[in-house]
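Participant: This one is input-v6.txt, compact mmCIF, C-alpha atoms.
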# COMPACT_ATOMS: atom_id res chain seq x y z
CA MET A 1094 46.10 15.78 -30.14
CA LEU A 1095 45.67 12.77 -27.92
CA ASN A 1096 47.33 12.79 -24.54
CA ILE A 1097 47.50 9.71 -22.35
CA LYS A 1098 48.78 10.41 -18.87
CA ASN A 1099 49.69 7.88 -16.18
CA LEU A 1100 47.11 5.41 -17.43
CA THR A 1101 46.88 2.27 -15.31
CA LYS A 1102 44.92 -0.88 -15.94
CA GLU A 1103 44.96 -3.76 -13.53
CA TYR A 1104 42.79 -6.66 -12.51
CA SER A 1105 42.81 -7.74 -8.88
CA SER A 1106 45.87 -9.93 -9.26
CA ASN A 1107 47.24 -8.83 -12.57
CA ILE A 1108 48.73 -5.53 -13.70
CA ILE A 1109 48.19 -5.00 -17.42
CA PHE A 1110 50.08 -1.72 -17.57
CA ARG A 1111 50.94 1.01 -15.11
CA ASP A 1112 51.55 4.74 -15.60
CA LEU A 1113 51.40 4.64 -19.36
CA ASN A 1114 52.25 7.97 -20.98
CA LEU A 1115 51.77 8.60 -24.66
CA THR A 1116 51.04 11.51 -26.96
CA VAL A 1117 49.76 11.38 -30.51
CA SER A 1118 49.98 14.65 -32.46
CA ASP A 1119 47.39 15.85 -34.96
CA GLY A 1120 47.77 14.15 -38.30
CA GLU A 1121 50.36 11.75 -36.96
CA VAL A 1122 50.37 8.03 -37.67
CA LEU A 1123 51.55 6.19 -34.58
CA SER A 1124 52.02 2.45 -34.42
CA ILE A 1125 52.00 0.56 -31.15
CA VAL A 1126 53.89 -2.72 -31.44
CA GLY A 1127 54.47 -5.56 -29.05
CA PRO A 1128 53.77 -9.26 -28.68
CA SER A 1129 50.20 -10.48 -28.32
CA GLY A 1130 48.63 -10.62 -24.89
CA ILE A 1131 50.58 -7.65 -23.60
CA GLY A 1132 47.62 -5.25 -23.30
CA LYS A 1133 47.67 -3.34 -26.59
CA THR A 1134 44.07 -4.15 -27.36
CA THR A 1135 43.06 -3.29 -23.81
CA LEU A 1136 44.65 0.13 -24.28
CA ILE A 1137 42.76 0.79 -27.50
CA LYS A 1138 39.49 -0.38 -25.93
CA ILE A 1139 39.96 2.01 -23.02
CA LEU A 1140 40.60 4.75 -25.55
CA ALA A 1141 37.37 3.90 -27.36
CA GLY A 1142 35.37 3.76 -24.12
CA LEU A 1143 34.76 0.00 -24.23
CA GLU A 1144 36.88 -0.79 -21.18
CA THR A 1145 37.48 1.04 -17.95
CA ALA A 1146 40.88 2.02 -16.59
CA ASN A 1147 41.84 2.19 -12.93
CA ALA A 1148 43.70 5.48 -13.01
CA GLY A 1149 45.08 8.09 -15.34
CA GLU A 1150 43.87 10.74 -17.72
CA LEU A 1151 42.87 10.81 -21.36
CA THR A 1152 42.75 14.15 -23.14
CA LEU A 1153 41.64 14.46 -26.74
CA ASN A 1154 42.07 17.91 -28.30
CA GLY A 1155 41.91 19.55 -24.90
CA GLU A 1156 38.82 17.65 -23.79
CA ASN A 1157 38.96 15.18 -20.95
CA LEU A 1158 37.60 11.71 -21.80
CA PRO A 1159 36.21 9.79 -18.82
CA ILE A 1160 37.86 6.40 -18.23
CA ASP A 1161 35.09 4.93 -16.07
CA GLY A 1162 33.11 3.38 -18.91
CA THR A 1163 30.44 6.09 -18.98
CA ARG A 1164 31.40 7.39 -22.41
CA SER A 1165 29.09 6.96 -25.33
CA ASP A 1166 30.39 9.13 -28.10
CA ALA A 1167 32.15 8.52 -31.38
CA LYS A 1168 35.17 10.74 -30.75
CA VAL A 1169 37.53 7.81 -31.16
CA GLY A 1170 36.90 5.76 -34.28
CA LEU A 1171 37.78 2.11 -33.77
CA ILE A 1172 38.50 -0.45 -36.49
CA PHE A 1173 38.00 -3.84 -34.86
CA GLN A 1174 40.26 -6.75 -35.62
CA ASP A 1175 37.30 -8.72 -36.96
CA PHE A 1176 35.59 -5.58 -38.31
CA ASN A 1177 32.20 -6.15 -36.59
CA LEU A 1178 30.20 -4.86 -39.53
CA PHE A 1179 26.44 -5.10 -39.11
CA PRO A 1180 25.54 -8.16 -41.25
CA ASN A 1181 21.92 -7.09 -41.73
CA TYR A 1182 22.82 -3.86 -43.50
CA THR A 1183 24.43 -3.18 -46.87
CA VAL A 1184 27.79 -1.43 -47.09
CA ILE A 1185 26.24 2.02 -47.49
CA GLU A 1186 23.66 1.35 -44.76
CA ASN A 1187 26.46 0.28 -42.40
CA ILE A 1188 28.11 3.64 -43.04
CA ILE A 1189 25.05 5.91 -42.76
CA LEU A 1190 23.33 4.20 -39.82
CA ALA A 1191 25.25 6.09 -37.13
CA PRO A 1192 25.32 9.49 -38.89
CA ILE A 1193 21.53 9.33 -39.29
CA ASN A 1194 20.64 7.95 -35.86
CA VAL A 1195 23.41 9.34 -33.69
CA SER A 1196 24.47 12.60 -35.40
CA LYS A 1197 20.90 13.16 -36.72
CA ILE A 1198 22.09 14.04 -40.22
CA ASP A 1199 19.44 13.71 -42.94
CA LYS A 1200 19.61 10.62 -45.08
CA ALA A 1201 20.53 12.27 -48.40
CA THR A 1202 23.46 14.17 -46.86
CA ALA A 1203 24.64 11.06 -45.05
CA LYS A 1204 24.51 9.06 -48.28
CA ASN A 1205 26.49 11.65 -50.23
CA GLN A 1206 29.08 11.79 -47.52
CA ALA A 1207 29.26 7.97 -47.41
CA ARG A 1208 29.74 7.79 -51.18
CA ASP A 1209 32.62 10.28 -50.95
CA ILE A 1210 34.30 8.19 -48.28
CA LEU A 1211 33.79 4.99 -50.27
CA GLU A 1212 35.33 6.64 -53.30
CA THR A 1213 38.38 7.67 -51.31
CA LEU A 1214 38.76 4.04 -50.28
CA GLY A 1215 38.12 2.70 -53.79
CA MET A 1216 34.92 0.95 -52.72
CA GLN A 1217 32.24 2.98 -54.53
CA ASP A 1218 31.06 -0.04 -56.55
CA LYS A 1219 30.45 -2.09 -53.40
CA ALA A 1220 27.90 0.26 -51.80
CA ASP A 1221 24.90 -2.04 -52.16
CA LEU A 1222 26.52 -5.33 -51.22
CA TYR A 1223 26.09 -7.04 -47.85
CA PRO A 1224 29.15 -7.69 -45.66
CA PHE A 1225 29.10 -11.46 -46.33
CA GLN A 1226 29.70 -10.71 -50.01
CA LEU A 1227 33.00 -8.92 -49.32
CA SER A 1228 36.58 -10.13 -48.85
CA GLY A 1229 38.42 -9.47 -45.60
CA GLY A 1230 40.25 -6.46 -47.00
CA GLN A 1231 37.04 -4.99 -48.36
CA LYS A 1232 35.25 -5.52 -45.05
CA GLN A 1233 38.03 -3.66 -43.33
CA ARG A 1234 37.70 -0.69 -45.66
CA VAL A 1235 33.96 -0.60 -44.93
CA ALA A 1236 34.79 -0.63 -41.22
CA ILE A 1237 37.14 2.31 -41.81
CA ALA A 1238 34.47 4.14 -43.83
CA ARG A 1239 31.89 3.50 -41.10
CA ALA A 1240 34.20 4.97 -38.46
CA LEU A 1241 35.17 7.96 -40.64
CA ALA A 1242 31.52 8.85 -41.28
CA MET A 1243 31.25 9.84 -37.61
CA LYS A 1244 34.13 12.30 -38.08
CA PRO A 1245 36.23 10.91 -35.22
CA GLN A 1246 39.11 12.97 -33.89
CA ILE A 1247 41.38 9.97 -33.99
CA LEU A 1248 41.14 6.66 -35.81
CA ALA A 1249 42.40 3.58 -33.98
CA TYR A 1250 43.05 0.22 -35.67
CA ASP A 1251 43.26 -3.05 -33.76
CA GLU A 1252 45.61 -5.42 -35.61
CA PRO A 1253 44.54 -4.26 -39.07
CA THR A 1254 46.72 -6.74 -40.96
CA SER A 1255 45.96 -9.90 -39.03
CA GLY A 1256 44.13 -12.28 -41.30
CA LEU A 1257 44.83 -10.26 -44.44
CA ASP A 1258 46.94 -11.47 -47.35
CA GLU A 1259 49.89 -9.52 -48.75
CA ASP A 1260 47.84 -7.56 -51.29
CA SER A 1261 45.24 -6.54 -48.76
CA THR A 1262 47.97 -5.50 -46.35
CA LYS A 1263 49.40 -3.23 -49.05
CA GLN A 1264 45.96 -1.76 -49.57
CA VAL A 1265 45.62 -1.04 -45.85
CA ALA A 1266 48.95 0.78 -46.03
CA GLU A 1267 47.60 2.80 -48.97
CA VAL A 1268 44.45 3.70 -47.04
CA VAL A 1269 46.47 4.82 -44.02
CA LYS A 1270 48.60 6.99 -46.30
CA THR A 1271 45.58 8.51 -48.06
CA LEU A 1272 43.92 9.35 -44.76
CA LYS A 1273 47.16 10.83 -43.43
CA GLN A 1274 47.22 13.17 -46.43
CA GLN A 1275 43.72 14.24 -45.45
CA GLY A 1276 44.99 15.03 -41.97
CA VAL A 1277 43.42 12.13 -40.07
CA THR A 1278 45.20 11.25 -36.83
CA GLN A 1279 45.74 7.49 -36.71
CA MET A 1280 46.86 5.01 -34.13
CA ILE A 1281 47.64 1.46 -35.19
CA ILE A 1282 48.01 -1.54 -32.93
CA THR A 1283 50.02 -4.30 -34.58
CA HIS A 1284 52.50 -7.04 -33.92
CA ASP A 1285 53.79 -6.70 -37.47
CA GLN A 1286 56.99 -4.65 -37.02
CA PRO A 1287 57.84 -4.22 -40.75
CA PHE A 1288 54.29 -3.06 -41.47
CA ALA A 1289 54.47 -0.62 -38.57
CA GLU A 1290 57.75 0.85 -39.80
CA MET A 1291 56.43 1.14 -43.35
CA ILE A 1292 53.31 3.13 -42.51
CA SER A 1293 53.95 5.15 -39.40
CA ASP A 1294 55.66 8.38 -38.43
CA ARG A 1295 56.56 6.89 -35.09
CA VAL A 1296 56.62 3.40 -33.58
CA PHE A 1297 55.82 2.95 -29.88
CA ASP A 1298 57.25 -0.24 -28.47
CA PHE A 1299 54.67 -1.27 -25.88
CA ALA A 1300 56.84 -3.84 -24.14
CA LYS A 1301 59.78 -1.47 -23.71
CA GLU A 1302 57.92 1.71 -22.80
CA VAL A 1303 55.45 0.40 -20.32
CA LEU A 1304 56.50 -0.28 -16.74
CA ARG A 1305 55.29 -3.72 -15.88
CA MET B 576 -22.24 -31.79 -49.98
CA ASN B 577 -25.48 -30.36 -48.66
CA TYR B 578 -24.52 -31.53 -45.22
CA LEU B 579 -21.20 -29.71 -45.46
CA LEU B 580 -22.96 -26.45 -46.32
CA GLU B 581 -25.32 -27.07 -43.46
CA ILE B 582 -22.64 -27.29 -40.80
CA LEU B 583 -20.28 -24.76 -42.36
CA PRO B 584 -21.80 -21.63 -40.71
CA SER B 585 -21.35 -23.01 -37.21
CA LEU B 586 -17.81 -24.18 -38.03
CA LEU B 587 -16.94 -20.75 -39.42
CA SER B 588 -18.20 -19.00 -36.33
CA GLY B 589 -16.03 -21.40 -34.34
CA LEU B 590 -13.14 -20.55 -36.64
CA LYS B 591 -13.60 -16.89 -35.76
CA MET B 592 -13.04 -17.73 -32.11
CA THR B 593 -9.99 -19.86 -32.97
CA LEU B 594 -8.46 -17.07 -35.05
CA GLY B 595 -9.28 -14.51 -32.37
CA VAL B 596 -7.39 -16.47 -29.73
CA PHE B 597 -4.55 -17.06 -32.20
CA PHE B 598 -3.99 -13.44 -33.24
CA PHE B 599 -4.46 -11.89 -29.80
CA THR B 600 -1.99 -14.39 -28.38
CA ILE B 601 0.63 -13.59 -31.03
CA ILE B 602 0.17 -9.84 -30.59
CA GLY B 603 0.48 -10.11 -26.82
CA SER B 604 3.08 -12.81 -26.34
CA VAL B 605 5.74 -11.59 -28.79
CA PRO B 606 6.44 -8.25 -27.07
CA LEU B 607 6.00 -9.82 -23.63
CA GLY B 608 8.41 -12.61 -24.60
CA ILE B 609 11.02 -10.05 -25.71
CA ILE B 610 10.69 -8.14 -22.44
CA VAL B 611 10.94 -11.34 -20.39
CA SER B 612 14.03 -12.48 -22.32
CA LEU B 613 15.69 -9.13 -21.63
CA GLY B 614 14.72 -9.48 -17.97
CA MET B 615 16.54 -12.81 -17.83
CA LYS B 616 19.75 -10.88 -18.45
CA SER B 617 18.95 -8.30 -15.77
CA GLU B 618 21.70 -7.39 -13.35
CA TYR B 619 19.25 -7.72 -10.44
CA PHE B 620 19.10 -11.17 -8.92
CA THR B 621 15.47 -10.74 -7.78
CA ILE B 622 14.27 -10.00 -11.31
CA ARG B 623 16.15 -12.97 -12.76
CA TRP B 624 14.83 -15.19 -9.98
CA LEU B 625 11.21 -14.10 -10.50
CA ILE B 626 11.44 -14.55 -14.25
CA ASN B 627 12.99 -17.99 -13.98
CA GLY B 628 10.23 -18.98 -11.57
CA TYR B 629 7.60 -17.69 -13.98
CA ILE B 630 9.09 -19.63 -16.89
CA TRP B 631 9.38 -22.75 -14.79
CA VAL B 632 5.68 -22.61 -13.85
CA MET B 633 4.53 -21.81 -17.39
CA ARG B 634 6.57 -24.55 -19.03
CA GLY B 635 6.24 -26.99 -16.19
CA THR B 636 2.45 -27.21 -16.02
CA PRO B 637 -0.09 -28.02 -18.74
CA LEU B 638 -1.63 -25.11 -20.60
CA LEU B 639 -4.99 -26.75 -19.97
CA LEU B 640 -4.45 -26.48 -16.23
CA GLN B 641 -3.36 -22.87 -16.59
CA LEU B 642 -6.55 -22.06 -18.50
CA ILE B 643 -8.68 -23.67 -15.82
CA PHE B 644 -6.78 -21.89 -13.10
CA VAL B 645 -7.03 -18.44 -14.72
CA TYR B 646 -10.77 -18.76 -15.35
CA TYR B 647 -12.14 -20.88 -12.48
CA GLY B 648 -9.33 -20.67 -9.95
CA LEU B 649 -8.89 -16.91 -10.01
CA GLY B 650 -12.66 -16.61 -10.21
CA MET B 651 -12.98 -18.38 -6.88
CA MET B 652 -10.48 -15.95 -5.40
CA GLY B 653 -12.59 -13.04 -6.58
CA VAL B 654 -10.59 -12.11 -9.68
CA THR B 655 -13.08 -12.66 -12.47
CA PHE B 656 -12.31 -12.42 -16.15
CA PRO B 657 -14.82 -12.82 -18.97
CA ARG B 658 -14.17 -16.18 -20.69
CA PHE B 659 -12.47 -14.81 -23.79
CA GLU B 660 -10.20 -12.43 -21.86
CA ALA B 661 -9.29 -15.25 -19.48
CA ALA B 662 -8.31 -17.47 -22.41
CA ILE B 663 -6.23 -14.72 -24.04
CA PHE B 664 -4.52 -13.93 -20.75
CA ALA B 665 -3.61 -17.56 -20.08
CA PHE B 666 -2.36 -18.09 -23.64
CA ILE B 667 -0.30 -14.90 -23.66
CA ILE B 668 1.53 -15.60 -20.40
CA ASN B 669 2.09 -19.23 -21.43
CA TYR B 670 3.40 -18.50 -24.91
CA ALA B 671 5.48 -15.52 -23.73
CA ALA B 672 7.44 -17.94 -21.53
CA TYR B 673 8.28 -20.24 -24.44
CA LEU B 674 9.03 -17.32 -26.77
CA ALA B 675 11.26 -15.72 -24.12
CA GLU B 676 13.44 -18.84 -24.09
CA ILE B 677 13.65 -18.70 -27.88
CA PHE B 678 14.54 -14.99 -27.87
CA ARG B 679 17.16 -15.62 -25.19
CA GLY B 680 18.83 -18.17 -27.43
CA GLY B 681 18.72 -15.69 -30.30
CA LEU B 682 20.16 -12.90 -28.18
CA GLN B 683 23.02 -15.13 -27.09
CA SER B 684 24.01 -15.91 -30.65
CA VAL B 685 24.59 -12.26 -31.57
CA PRO B 686 28.34 -11.72 -31.07
CA ARG B 687 29.56 -9.29 -28.42
CA GLY B 688 31.43 -7.39 -31.12
CA GLN B 689 28.11 -6.10 -32.49
CA TYR B 690 27.39 -4.35 -29.18
CA GLU B 691 30.94 -2.98 -29.06
CA ALA B 692 30.77 -1.66 -32.61
CA ALA B 693 27.46 0.04 -31.80
CA LYS B 694 28.83 1.60 -28.63
CA VAL B 695 31.93 2.97 -30.35
CA LEU B 696 29.72 4.59 -33.00
CA GLY B 697 27.69 6.32 -30.27
CA PHE B 698 24.40 4.42 -30.52
CA THR B 699 22.22 4.44 -27.40
CA ARG B 700 21.29 1.10 -25.86
CA THR B 701 17.75 1.33 -27.24
CA GLN B 702 18.99 2.12 -30.75
CA THR B 703 21.49 -0.71 -30.53
CA PHE B 704 18.77 -3.16 -29.55
CA PHE B 705 16.16 -2.18 -32.12
CA LYS B 706 18.36 -1.32 -35.11
CA ILE B 707 21.25 -3.75 -34.77
CA ILE B 708 20.55 -6.62 -32.38
CA LEU B 709 16.84 -7.36 -32.88
CA PRO B 710 16.99 -7.78 -36.68
CA GLN B 711 19.76 -10.35 -36.21
CA VAL B 712 17.84 -12.13 -33.45
CA ILE B 713 14.74 -12.33 -35.65
CA LYS B 714 16.66 -14.00 -38.44
CA ILE B 715 18.11 -16.56 -36.04
CA ILE B 716 14.82 -17.46 -34.38
CA VAL B 717 12.41 -17.63 -37.33
CA PRO B 718 12.48 -21.47 -37.58
CA SER B 719 11.89 -22.12 -33.87
CA PHE B 720 9.39 -19.27 -33.68
CA GLY B 721 7.52 -20.96 -36.53
CA ASN B 722 7.27 -24.13 -34.49
CA GLU B 723 5.61 -22.26 -31.66
CA VAL B 724 3.17 -20.52 -34.01
CA ILE B 725 2.09 -23.85 -35.47
CA ASN B 726 1.69 -25.27 -31.97
CA LEU B 727 -0.45 -22.26 -31.10
CA VAL B 728 -2.79 -22.90 -34.05
CA LYS B 729 -3.58 -26.29 -32.55
CA ASP B 730 -3.42 -25.28 -28.87
CA THR B 731 -6.26 -22.80 -29.40
CA SER B 732 -8.56 -25.85 -29.30
CA LEU B 733 -7.98 -26.03 -25.52
CA VAL B 734 -10.29 -23.07 -24.92
CA TYR B 735 -13.27 -25.43 -24.94
CA VAL B 736 -12.43 -26.22 -21.31
CA ILE B 737 -13.64 -22.82 -20.14
CA GLY B 738 -16.72 -22.95 -22.35
CA LEU B 739 -15.58 -21.02 -25.39
CA GLY B 740 -16.93 -22.14 -28.75
CA ASP B 741 -13.96 -22.65 -31.06
CA ILE B 742 -13.93 -24.61 -34.28
CA LEU B 743 -13.23 -27.99 -32.68
CA ARG B 744 -16.12 -27.52 -30.28
CA ALA B 745 -18.41 -26.59 -33.19
CA GLY B 746 -17.34 -29.74 -34.99
CA ASN B 747 -17.80 -31.81 -31.86
CA ILE B 748 -21.35 -30.55 -31.38
CA ALA B 749 -22.27 -31.26 -35.01
CA ALA B 750 -20.69 -34.73 -34.89
CA SER B 751 -22.54 -35.89 -31.79
CA ARG B 752 -25.83 -34.32 -32.90
CA ASP B 753 -25.78 -35.90 -36.37
CA VAL B 754 -23.85 -39.05 -35.45
CA THR B 755 -21.21 -38.67 -38.18
CA LEU B 756 -17.45 -38.18 -38.46
CA ILE B 757 -17.68 -35.70 -41.31
CA PRO B 758 -17.49 -32.57 -39.10
CA TYR B 759 -14.26 -33.90 -37.57
CA LEU B 760 -12.76 -34.44 -41.01
CA LEU B 761 -13.71 -30.94 -42.03
CA VAL B 762 -12.27 -29.47 -38.83
CA GLY B 763 -9.05 -31.39 -39.44
CA LEU B 764 -8.88 -30.01 -42.95
CA ILE B 765 -9.34 -26.46 -41.73
CA TYR B 766 -6.51 -26.90 -39.17
CA LEU B 767 -4.29 -28.24 -41.95
CA LEU B 768 -5.14 -25.24 -44.07
CA MET B 769 -4.26 -22.85 -41.26
CA THR B 770 -0.92 -24.50 -40.55
CA ALA B 771 -0.18 -24.58 -44.28
CA ILE B 772 -0.71 -20.82 -44.50
CA VAL B 773 1.53 -20.26 -41.47
CA THR B 774 4.19 -22.51 -42.99
CA VAL B 775 4.18 -20.67 -46.31
CA LEU B 776 4.39 -17.28 -44.60
CA LEU B 777 7.32 -18.44 -42.46
CA ARG B 778 9.16 -19.88 -45.47
CA ARG B 779 8.75 -16.58 -47.26
CA THR B 780 10.04 -14.65 -44.29
CA GLU B 781 13.05 -16.94 -44.06
CA LYS B 782 13.76 -16.48 -47.73
CA ARG B 783 13.52 -12.72 -47.51
CA LEU B 784 15.88 -12.68 -44.54
CA ASN B 785 18.35 -14.81 -46.46
CA ILE B 786 19.54 -11.87 -48.57
CA TRP B 787 22.07 -11.27 -45.79
CA ARG B 788 24.08 -13.72 -43.73
Please express the file's structure as structure tokens.
Facilitator:
Amino acid sequence: MLNIKNLTKEYSSNIIFRDLNLTVSDGEVLSIVGPSGIGKTTLIKILAGLETANAGELTLNGENLPIDGTRSDAKVGLIFQDFNLFPNYTVIENIILAPINVSKIDKATAKNQARDILETLGMQDKADLYPFQLSGGQKQRVAIARALAMKPQILAYDEPTSGLDEDSTKQVAEVVKTLKQQGVTQMIITHDQPFAEMISDRVFDFAKEVLR
Amino acid sequence: MNYLLEILPSLLSGLKMTLGVFFFTIIGSVPLGIIVSLGMKSEYFTIRWLINGYIWVMRGTPLLLQLIFVYYGLGMMGVTFPRFEAAIFAFIINYAAYLAEIFRGGLQSVPRGQYEAAKVLGFTRTQTFFKIILPQVIKIIVPSFGNEVINLVKDTSLVYVIGLGDILRAGNIAASRDVTLIPYLLVGLIYLLMTAIVTVLLRRTEKRLNIWR
């Protein structure tokens, strides 16, 4: 369970959000909707440890996550809007790089695990391709696989449907559903209201809920 | 033909010196250049200031002058190097400055998102640099790095100024002794051969790196 308590982010002259409270239960799919530029991505980056927050508390499964930018763990899996795959590695290498180097899993185990994930996502035949050889939707599924390989406690997506066509958007919805069945907690940032309603258990309206 | 065979041994021993300066400079200046380029992004003003000063001096004065200064100038101040070590030292600090600028350009062209993706996956900063950033930087800089390497092949001829016997000096001696241009032609040919080898190796590297984009 993810618990966000009184989270505040402000720059010297500009309050992004103040006293944000939000809970995501285990296995839940929560969408956060709102217009662009409102601070949704900032929130997800704080969650992933990429940005600092000024005040508040983050608790993930009972463990406190520091908000001062000192975190370097893979507890929150993040799917970037533009995927940020490593272009110099093949699909399978992208997925096993962190398990081998960060979690210190041996290569054979990491590869087996990566193949299982790719199969779940319907990407097993793409294992040896490089990112530039993939479509946007395929890149995104590799990004999801790469995050899942680190066994994150929550998976966060930043605008997963921006830049994807209708078919790919449907596939993302399928992936979210499949992962939900496997019990993965997911948090999705989007400005696509219909998409959010289609895939999530709960929709959090950022503009309405956050005191600005 | 007989004349060629006659002067070949002295040219080859000069070539050994040329290659020695070349390889030691590459081995020393590449890592130093990487470190300097990372230093340029340091959060400490003093480090950035020192490094920029160093690059300014290295790029702003002739390599020939730097060679003279390292060997004779430092010698006068009591810091004596053997000739070869002095040459290597001067070449390494000079080339590291140029390479650092090239690496800096390469580092800047790796998108920020790559660092963010690495951080979110839990990589340390060292792992991020060596496993994710550096391979991308290398691909970006191969063409401009190649330029520097080819320049270095020819710049090695400057070592004559501190009395080292490289291939050009060997050719020079033979030419003035025997009053003929043939040694110069031969030396030119050997330089062309060396730069051709470097060019082929760089092309191959580029091709191999082109399997990803």
Participant: Place a sphere of radius 12 Å on (11.7, -22.2, -34.1) in the file coordinates and name every protein, DNA or RNA residue with an atom inside or on its surface, counting all atoms listed in the file; give the answer as a short mmCIF file (atom, residue, chain, number, x, y, z; two decimals) with C-alpha atoms, in the frame of the given file.
Facilitator:
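As a result, point31.cif now contains:
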data_model
loop_
_atom_site.label_atom_id
_atom_site.label_comp_id
_atom_site.auth_asym_id
_atom_site.auth_seq_id
_atom_site.Cartn_x
_atom_site.Cartn_y
_atom_site.Cartn_z
CA TYR B 673 8.28 -20.24 -24.44
CA LEU B 674 9.03 -17.32 -26.77
CA ALA B 675 11.26 -15.72 -24.12
CA GLU B 676 13.44 -18.84 -24.09
CA ILE B 677 13.65 -18.70 -27.88
CA PHE B 678 14.54 -14.99 -27.87
CA GLY B 680 18.83 -18.17 -27.43
CA GLY B 681 18.72 -15.69 -30.30
CA VAL B 712 17.84 -12.13 -33.45
CA ILE B 713 14.74 -12.33 -35.65
CA LYS B 714 16.66 -14.00 -38.44
CA ILE B 715 18.11 -16.56 -36.04
CA ILE B 716 14.82 -17.46 -34.38
CA VAL B 717 12.41 -17.63 -37.33
CA PRO B 718 12.48 -21.47 -37.58
CA SER B 719 11.89 -22.12 -33.87
CA PHE B 720 9.39 -19.27 -33.68
CA GLY B 721 7.52 -20.96 -36.53
CA ASN B 722 7.27 -24.13 -34.49
CA GLU B 723 5.61 -22.26 -31.66
CA VAL B 724 3.17 -20.52 -34.01
CA ILE B 725 2.09 -23.85 -35.47
CA ASN B 726 1.69 -25.27 -31.97
CA THR B 774 4.19 -22.51 -42.99
CA LEU B 777 7.32 -18.44 -42.46
CA ARG B 778 9.16 -19.88 -45.47
CA GLU B 781 13.05 -16.94 -44.06
#
Participant: Could you work out which residues of chain A fall inside 9 Å of chain B? Count only C-alpha atoms, and format the result as a ChimeraX atom specification.
Facilitator: /A:1141-1143,1164-1173,1175-1183,1190-1192,1194-1196,1223-1226,1239-1240,1243
Participant: Do you know which residues are at most 12 Å from Asn1107 (chain A) counting only C-alpha atoms, after dropping those on the same chain fewer than 3 positions away, and could you put them as a PyMOL selection string?
Facilitator: chain A and resi 1101-1104+1110-1111+1131-1132+1305
Participant: Restricting the calculation to all atoms listed in the file: of A:Ile1188, A:Ile1109, A:Val1277, A:Ala1300, which residue gets closest to Val1122 (chain A)?
Facilitator: A:Val1277
Participant: When you look at Asn1154 (chain A) with a cut-off of 10 Å (counting all atoms listed in the file), what residues show up, excluding the ones that are within fewer than 3 positions of it in the same chain? I need them as JSON, numbers by chain.
Facilitator: {"A": [1094, 1095, 1096, 1118, 1119, 1151, 1157, 1246, 1247]}
Participant: CA of Glu1212 (chain A) to CA of Leu1227 (chain A): how many Å, to one decimal?
Facilitator: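 Going from CA of Glu1212 (chain A) over to CA of Leu1227 (chain A) covers 16.2 Å.
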Participant: Need the shell around Leu1100 (chain A): protein/DNA/RNA residues with any atom at most 12 Å away, counting only C-alpha atoms. Skip same-chain ones fewer than 5 positions apart. Format as a PyMOL selection string?
Facilitator: chain A and resi 1108-1116+1135-1137+1139-1140+1145-1152+1159-1160+1303-1304
Participant: Can you tell me which residues surround Ala661 (chain B) at a distance of at most 9 Å, considering only C-alpha atoms, apart from same-chain residues fewer than 3 positions away, and format the answer as a list in words?
Facilitator: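 Here the qualifying residues turn out to be Leu642, Val645, Tyr646, Thr655, Phe656, Pro657, Arg658, Phe664, Ala665, Phe666 and Ile737 of chain B.
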Participant: Report, in Å to a single decimal, how far apart CA of Ser1255 (chain A) and CA of Arg1295 (chain A) are.
Facilitator: 20.2 Å
Participant: Can you work out which one of B:Thr621, B:Gln641, B:Asn627, B:Ser585 has the shortest atom-to-atom distance to Val736 (chain B), counting only C-alpha atoms?
Facilitator: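 The answer is B:Gln641, which sits nearest to Val736 (chain B).
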Participant: With a distance cut-off of 9 Å and all atoms listed in the file, select the neighbouring residues of region 740-745 of chain B, excluding the residue or stretch itself and same-chain residues fewer than 6 positions from it, and output the selection as a list in words.
Facilitator: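 The residues satisfying every condition are Ile582, Ser585, Leu586, Leu587, Ser588, Gly589, Leu590, Lys591, Met592, Thr593, Leu594, Thr731, Ser732, Leu733, Val734, Pro758, Tyr759, Val762, Gly763 and Ile765 of chain B.
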Participant: What is the distance between CA of Lys1204 (chain A) and CA of Ala1220 (chain A), in Å to one decimal?
Facilitator: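 Computing it gives 10.1 Å between the two atoms.
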Participant: Could you tell me which of A:Asn1205, A:Asn1187, A:Ser1261, A:Thr1283 comes closest to Ala1236 (chain A) if we count only C-alpha atoms?
Facilitator: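 Checking each of A:Asn1205, A:Asn1187, A:Ser1261, A:Thr1283 against Ala1236 (chain A), counting only C-alpha atoms, the winner is A:Asn1187.
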Participant: Using only C-alpha atoms, find the one residue out of A:Ala1207, A:Leu1248, A:Ala1266, A:Ala1289 that sits nearest to Val1235 (chain A).
Facilitator: A:Ala1207
